[in-house]
Amino acid sequence: MLHRVNLASCLVLWITSCAITLAVDPNEYMARALQLMSETPLIDGHNDLPWQLLSQFNNQLNKVDLNTLANTHTNIPKIKDGRLGAQFWAAYVPCDTQYKDAVRQTLEQIDVIHRMCQKYPEIFMFATSSQDILDAFKMNKTASLIGVEGGHSLDSSLGTLRTMYQLGVRYLTLTHSCNTPWVDNWLVDTGSEPSEHKGLSSFGKQVIAEMNRLGMLIDLAHVSEEVMNQVLTLSKAPVIFSHSSAYTICPHKRNVPDDVLRRVNETKGIVMVNFYNDYVTCSNTASLSDVADHFDHIKKVAGADIIGFGGDYDGVPRVPEGLEDVSKVPNLVAELLKRGWTDEEVKAALGNNLLRVMSEVEKVRDSMSAVIPDDVPIPYEDVQNPCRTSFGYPSTTGSSGSAHSLSTLALLITLALQSHYNLSTHM
C-alpha cells in the first residue's frame, strides 16, 4: 500500500513539473525572439513606403522627416523597434501608367529610394547583394534593396531591365494587377481578365532568361498560376514570392497553391508571407495568430526552408491585430516560437532562406558570365500603339517612325478596361 502511495506521489510531482515546464512566461518567448533577431537579420520582401512618399509628398523627400512621420506603417522608430535587418523597398507605379510614362515614374521611385538612403545614412545602407545585407547587419543598419513591382515598368524592353539592374534593382515582380504585352497577371485566374499569353509569351521567356543572366530575382507575386508553373520550369535560379500567402488557408488568387509551394521547395525558392487581411483570412479582419497559421501551413506542406516575411506594409489598407506596423514583427516571431518552431527554423524564416536564395541567384549569374545580353526586341505588333514610335523596326509607314494601325479608340478602350480592374490599393 505504501509503495502505491509513493508511486502516486511521484506521478503527481512529475505531472506538476511538466505543467510548470509547459507554462512558459510569454516574456520568455519575446526575449528569445529578440535574441534570434540579433543573430540573424529580419529580411522583409516588400514594403511600399516609397509609394507613400510619392502619393503623400510627390517624392519631395526634403519635406519629410522619417523620424516623425506618423501616418504610415513605416518610419525610423518603427524600423528600430521591429529589428528590421533588411528591406526590399518597392519601386511601384500603378498599371494606369502602362503605355504612358511607366518607365519615368519607376525611375523616380528608384531615385527616391536612393535619396532616402543618402538622407539617413546612419539608418539605411543601400544594398545590392547577399553580402551587402550581412555587412549592413554587422553595422546595425537596415540593408535597403530595390524591387520593381510590375513588368509594365519595363515597357517591354530588355534594355530597360538591364538599366534598372545597373541602378540597383534586384527583383522584378513580373506583373502587378494587369497583363503586360508578355505575361498574364493573377486576375486572369479570377476570370475578370482574359488570358492574353497563356502565361508567358515568347518575349516573356526572354525576360526570364535575361533576369537569370543578370542575377535579378524573379518575383512571382501577382502572376497567374500558369505563369508560376512556367517560370518554375524555365528559371535556372530559384524564385521568390515577395508578398504572398497560402491559398489553402485563404483561397485568394493572390496566394500560392499547395502544389506550387511544393515546387518552390523542389527548386529551393521562397514564399514571403503577406500580412494583408484580405490575403490572410479572406476578410476585412485578421489577427497575428491568423498570419502564423500561414507560416505553419507552408512549413507543413513544403518545409521551413521556403518561408520568409513579406509584410506589404504601406501598400495595404488593412493589417492584422497585433501586426499594426513594422514595429510589431517581433510579436510574430515570438508566436512562432510559442507554436514550437525551433531556433533554426525561425532563423531560416527571418533571413537565412532569402540569403540562400539570393546567393544562389548570384551564383547562376556568375555561371552565365560568358552569355551575351539578349538584344532581340519584342515584336512591334505586340506593343504597337499611338504612344509608341517604331524606330529601329522595319518601316511599314514611311519615314515617320510611328505606326498607327492600332486605333486610338482601341487603345483607350484597353486602358479603360485596365483601369477598371486595377485595385484601389496596389497590394
# chains A, B, ... in the order shown; residues from 1 in each chain; ligands from 1
>>> residues_around(residues="range 203-206 of chain A", least_positions_apart="3", cutoff="7 Å", atoms="only C-alpha atoms", output="PyMOL selection string")
chain A and resi 182-183+200+209-210+378
>>> residues_around(residues="Leu158 in chain A", least_positions_apart="6", cutoff="8 Å", atoms="only C-alpha atoms", output="ChimeraX atom specification")
/A:207,210,374-375,377
>>> write_last_selection(atoms="N, CA, C and O atoms", output="JSON list (two decimals), in the first residue's frame")
[["chain", "number", "residue", "atom", "x", "y", "z"],
["A", 207, "VAL", "N", 12.60, 37.43, -71.09],
["A", 207, "VAL", "CA", 12.77, 38.20, -69.86],
["A", 207, "VAL", "C", 13.30, 37.31, -68.74],
["A", 207, "VAL", "O", 14.23, 37.68, -68.01],
["A", 210, "GLU", "N", 16.95, 36.51, -69.33],
["A", 210, "GLU", "CA", 17.82, 37.67, -69.11],
["A", 210, "GLU", "C", 17.93, 38.00, -67.62],
["A", 210, "GLU", "O", 19.01, 38.43, -67.15],
["A", 374, "ASP", "N", 20.81, 39.57, -74.23],
["A", 374, "ASP", "CA", 19.79, 39.34, -75.27],
["A", 374, "ASP", "C", 19.33, 40.70, -75.77],
["A", 374, "ASP", "O", 18.79, 41.51, -75.01],
["A", 375, "ASP", "N", 19.54, 40.97, -77.07],
["A", 375, "ASP", "CA", 19.11, 42.26, -77.62],
["A", 375, "ASP", "C", 18.05, 42.10, -78.70],
["A", 375, "ASP", "O", 17.84, 43.00, -79.52],
["A", 377, "PRO", "N", 14.46, 42.48, -79.69],
["A", 377, "PRO", "CA", 13.33, 43.22, -79.13],
["A", 377, "PRO", "C", 12.02, 42.45, -79.24],
["A", 377, "PRO", "O", 11.89, 41.51, -80.04]]
>>> closest_residue(among="A:Ser390, A:Ser327, A:Gln35, A:Ser367", to="Leu214 in chain A", atoms="only C-alpha atoms")
A:Ser367
>>> select_by_dssp(residues="range 107-336 of chain A", states="helix (DSSP H, G or I)", output="VMD selection string")
chain A and resid 107 to 119 130 to 138 151 to 154 158 to 166 186 to 190 202 to 214 225 to 234 258 to 266 277 to 280 288 to 302 304 to 306 326 to 336
>>> closest_residue(among="A:His197, A:Arg262, A:Arg83, A:Lys63", to="Lys119 in chain A", atoms="only C-alpha atoms")
A:Lys63
>>> residues_around(residues="Gly82 in chain A", least_positions_apart="5", cutoff="7 Å", atoms="only C-alpha atoms", output="list in words")
Val326, Ser327, Lys328, Val329 and Pro330 of chain A
>>> write_last_selection(atoms="C-alpha atoms", output="mmCIF file, in the first residue's frame")
data_model
loop_
_atom_site.group_PDB
_atom_site.id
_atom_site.type_symbol
_atom_site.label_atom_id
_atom_site.label_comp_id
_atom_site.auth_asym_id
_atom_site.auth_seq_id
_atom_site.Cartn_x
_atom_site.Cartn_y
_atom_site.Cartn_z
ATOM 1 C CA VAL A 326 6.638 47.402 -38.841
ATOM 2 C CA SER A 327 7.478 47.627 -35.138
ATOM 3 C CA LYS A 328 5.209 44.674 -34.311
ATOM 4 C CA VAL A 329 7.004 41.955 -36.302
ATOM 5 C CA PRO A 330 8.837 40.596 -33.207
#
>>> decode(residues="range 111-137 of chain A", atoms="N, CA, C and O atoms", output="PDB file, in the first residue's frame")
ATOM      1  N   ASP A 111      14.859  56.464 -57.723  1.00  0.00           N
ATOM      2  CA  ASP A 111      15.597  57.638 -57.250  1.00  0.00           C
ATOM      3  C   ASP A 111      15.256  57.976 -55.805  1.00  0.00           C
ATOM      4  O   ASP A 111      16.153  58.271 -55.005  1.00  0.00           O
ATOM      5  N   VAL A 112      13.981  57.916 -55.441  1.00  0.00           N
ATOM      6  CA  VAL A 112      13.615  58.318 -54.079  1.00  0.00           C
ATOM      7  C   VAL A 112      14.133  57.311 -53.054  1.00  0.00           C
ATOM      8  O   VAL A 112      14.468  57.676 -51.920  1.00  0.00           O
ATOM      9  N   ILE A 113      14.260  56.045 -53.441  1.00  0.00           N
ATOM     10  CA  ILE A 113      14.848  55.052 -52.537  1.00  0.00           C
ATOM     11  C   ILE A 113      16.327  55.355 -52.322  1.00  0.00           C
ATOM     12  O   ILE A 113      16.833  55.317 -51.186  1.00  0.00           O
ATOM     13  N   HIS A 114      17.033  55.667 -53.405  1.00  0.00           N
ATOM     14  CA  HIS A 114      18.442  56.067 -53.262  1.00  0.00           C
ATOM     15  C   HIS A 114      18.568  57.293 -52.361  1.00  0.00           C
ATOM     16  O   HIS A 114      19.432  57.342 -51.472  1.00  0.00           O
ATOM     17  N   ARG A 115      17.715  58.282 -52.592  1.00  0.00           N
ATOM     18  CA  ARG A 115      17.809  59.517 -51.808  1.00  0.00           C
ATOM     19  C   ARG A 115      17.463  59.290 -50.338  1.00  0.00           C
ATOM     20  O   ARG A 115      18.021  59.945 -49.453  1.00  0.00           O
ATOM     21  N   MET A 116      16.544  58.364 -50.081  1.00  0.00           N
ATOM     22  CA  MET A 116      16.197  58.032 -48.698  1.00  0.00           C
ATOM     23  C   MET A 116      17.416  57.472 -47.964  1.00  0.00           C
ATOM     24  O   MET A 116      17.692  57.827 -46.809  1.00  0.00           O
ATOM     25  N   CYS A 117      18.147  56.597 -48.649  1.00  0.00           N
ATOM     26  CA  CYS A 117      19.359  56.024 -48.035  1.00  0.00           C
ATOM     27  C   CYS A 117      20.410  57.097 -47.807  1.00  0.00           C
ATOM     28  O   CYS A 117      21.125  57.080 -46.794  1.00  0.00           O
ATOM     29  N   GLN A 118      20.514  58.038 -48.749  1.00  0.00           N
ATOM     30  CA  GLN A 118      21.505  59.110 -48.622  1.00  0.00           C
ATOM     31  C   GLN A 118      21.138  60.093 -47.515  1.00  0.00           C
ATOM     32  O   GLN A 118      22.018  60.635 -46.834  1.00  0.00           O
ATOM     33  N   LYS A 119      19.846  60.313 -47.311  1.00  0.00           N
ATOM     34  CA  LYS A 119      19.410  61.268 -46.295  1.00  0.00           C
ATOM     35  C   LYS A 119      19.581  60.717 -44.884  1.00  0.00           C
ATOM     36  O   LYS A 119      19.820  61.488 -43.942  1.00  0.00           O
ATOM     37  N   TYR A 120      19.469  59.397 -44.742  1.00  0.00           N
ATOM     38  CA  TYR A 120      19.574  58.780 -43.407  1.00  0.00           C
ATOM     39  C   TYR A 120      20.652  57.697 -43.414  1.00  0.00           C
ATOM     40  O   TYR A 120      20.368  56.517 -43.201  1.00  0.00           O
ATOM     41  N   PRO A 121      21.916  58.077 -43.638  1.00  0.00           N
ATOM     42  CA  PRO A 121      22.981  57.071 -43.769  1.00  0.00           C
ATOM     43  C   PRO A 121      23.261  56.309 -42.477  1.00  0.00           C
ATOM     44  O   PRO A 121      23.821  55.214 -42.526  1.00  0.00           O
ATOM     45  N   GLU A 122      22.855  56.873 -41.352  1.00  0.00           N
ATOM     46  CA  GLU A 122      23.069  56.174 -40.086  1.00  0.00           C
ATOM     47  C   GLU A 122      22.031  55.066 -39.879  1.00  0.00           C
ATOM     48  O   GLU A 122      22.216  54.180 -39.027  1.00  0.00           O
ATOM     49  N   ILE A 123      20.956  55.075 -40.659  1.00  0.00           N
ATOM     50  CA  ILE A 123      19.878  54.094 -40.530  1.00  0.00           C
ATOM     51  C   ILE A 123      19.908  53.085 -41.682  1.00  0.00           C
ATOM     52  O   ILE A 123      19.800  51.878 -41.468  1.00  0.00           O
ATOM     53  N   PHE A 124      20.045  53.590 -42.909  1.00  0.00           N
ATOM     54  CA  PHE A 124      19.943  52.750 -44.103  1.00  0.00           C
ATOM     55  C   PHE A 124      21.290  52.597 -44.802  1.00  0.00           C
ATOM     56  O   PHE A 124      22.071  53.546 -44.881  1.00  0.00           O
ATOM     57  N   MET A 125      21.528  51.399 -45.319  1.00  0.00           N
ATOM     58  CA  MET A 125      22.674  51.167 -46.191  1.00  0.00           C
ATOM     59  C   MET A 125      22.148  50.582 -47.488  1.00  0.00           C
ATOM     60  O   MET A 125      21.508  49.519 -47.481  1.00  0.00           O
ATOM     61  N   PHE A 126      22.382  51.274 -48.604  1.00  0.00           N
ATOM     62  CA  PHE A 126      21.927  50.750 -49.881  1.00  0.00           C
ATOM     63  C   PHE A 126      22.645  49.440 -50.164  1.00  0.00           C
ATOM     64  O   PHE A 126      23.863  49.326 -49.986  1.00  0.00           O
ATOM     65  N   ALA A 127      21.895  48.427 -50.620  1.00  0.00           N
ATOM     66  CA  ALA A 127      22.450  47.081 -50.782  1.00  0.00           C
ATOM     67  C   ALA A 127      22.015  46.488 -52.109  1.00  0.00           C
ATOM     68  O   ALA A 127      20.898  46.730 -52.577  1.00  0.00           O
ATOM     69  N   THR A 128      22.902  45.702 -52.698  1.00  0.00           N
ATOM     70  CA  THR A 128      22.587  45.047 -53.971  1.00  0.00           C
ATOM     71  C   THR A 128      22.979  43.576 -53.981  1.00  0.00           C
ATOM     72  O   THR A 128      22.861  42.917 -55.014  1.00  0.00           O
ATOM     73  N   SER A 129      23.432  43.031 -52.844  1.00  0.00           N
ATOM     74  CA  SER A 129      23.897  41.647 -52.823  1.00  0.00           C
ATOM     75  C   SER A 129      23.624  41.010 -51.470  1.00  0.00           C
ATOM     76  O   SER A 129      23.354  41.699 -50.472  1.00  0.00           O
ATOM     77  N   SER A 130      23.727  39.690 -51.430  1.00  0.00           N
ATOM     78  CA  SER A 130      23.553  38.977 -50.163  1.00  0.00           C
ATOM     79  C   SER A 130      24.632  39.397 -49.168  1.00  0.00           C
ATOM     80  O   SER A 130      24.365  39.521 -47.968  1.00  0.00           O
ATOM     81  N   GLN A 131      25.841  39.619 -49.641  1.00  0.00           N
ATOM     82  CA  GLN A 131      26.914  40.045 -48.739  1.00  0.00           C
ATOM     83  C   GLN A 131      26.655  41.434 -48.188  1.00  0.00           C
ATOM     84  O   GLN A 131      26.936  41.717 -47.018  1.00  0.00           O
ATOM     85  N   ASP A 132      26.091  42.321 -49.013  1.00  0.00           N
ATOM     86  CA  ASP A 132      25.750  43.659 -48.530  1.00  0.00           C
ATOM     87  C   ASP A 132      24.773  43.589 -47.358  1.00  0.00           C
ATOM     88  O   ASP A 132      24.864  44.377 -46.407  1.00  0.00           O
ATOM     89  N   ILE A 133      23.825  42.663 -47.430  1.00  0.00           N
ATOM     90  CA  ILE A 133      22.858  42.517 -46.340  1.00  0.00           C
ATOM     91  C   ILE A 133      23.572  42.155 -45.041  1.00  0.00           C
ATOM     92  O   ILE A 133      23.305  42.731 -43.972  1.00  0.00           O
ATOM     93  N   LEU A 134      24.489  41.209 -45.124  1.00  0.00           N
ATOM     94  CA  LEU A 134      25.232  40.803 -43.939  1.00  0.00           C
ATOM     95  C   LEU A 134      26.122  41.927 -43.427  1.00  0.00           C
ATOM     96  O   LEU A 134      26.250  42.133 -42.206  1.00  0.00           O
ATOM     97  N   ASP A 135      26.732  42.671 -44.342  1.00  0.00           N
ATOM     98  CA  ASP A 135      27.592  43.784 -43.929  1.00  0.00           C
ATOM     99  C   ASP A 135      26.786  44.862 -43.210  1.00  0.00           C
ATOM    100  O   ASP A 135      27.223  45.400 -42.181  1.00  0.00           O
ATOM    101  N   ALA A 136      25.612  45.187 -43.739  1.00  0.00           N
ATOM    102  CA  ALA A 136      24.759  46.192 -43.105  1.00  0.00           C
ATOM    103  C   ALA A 136      24.322  45.726 -41.722  1.00  0.00           C
ATOM    104  O   ALA A 136      24.284  46.519 -40.766  1.00  0.00           O
ATOM    105  N   PHE A 137      24.012  44.444 -41.596  1.00  0.00           N
ATOM    106  CA  PHE A 137      23.563  43.901 -40.311  1.00  0.00           C
ATOM    107  C   PHE A 137      24.658  44.038 -39.260  1.00  0.00           C
ATOM    108  O   PHE A 137      24.387  44.383 -38.094  1.00  0.00           O
TER     109      PHE A 137
END
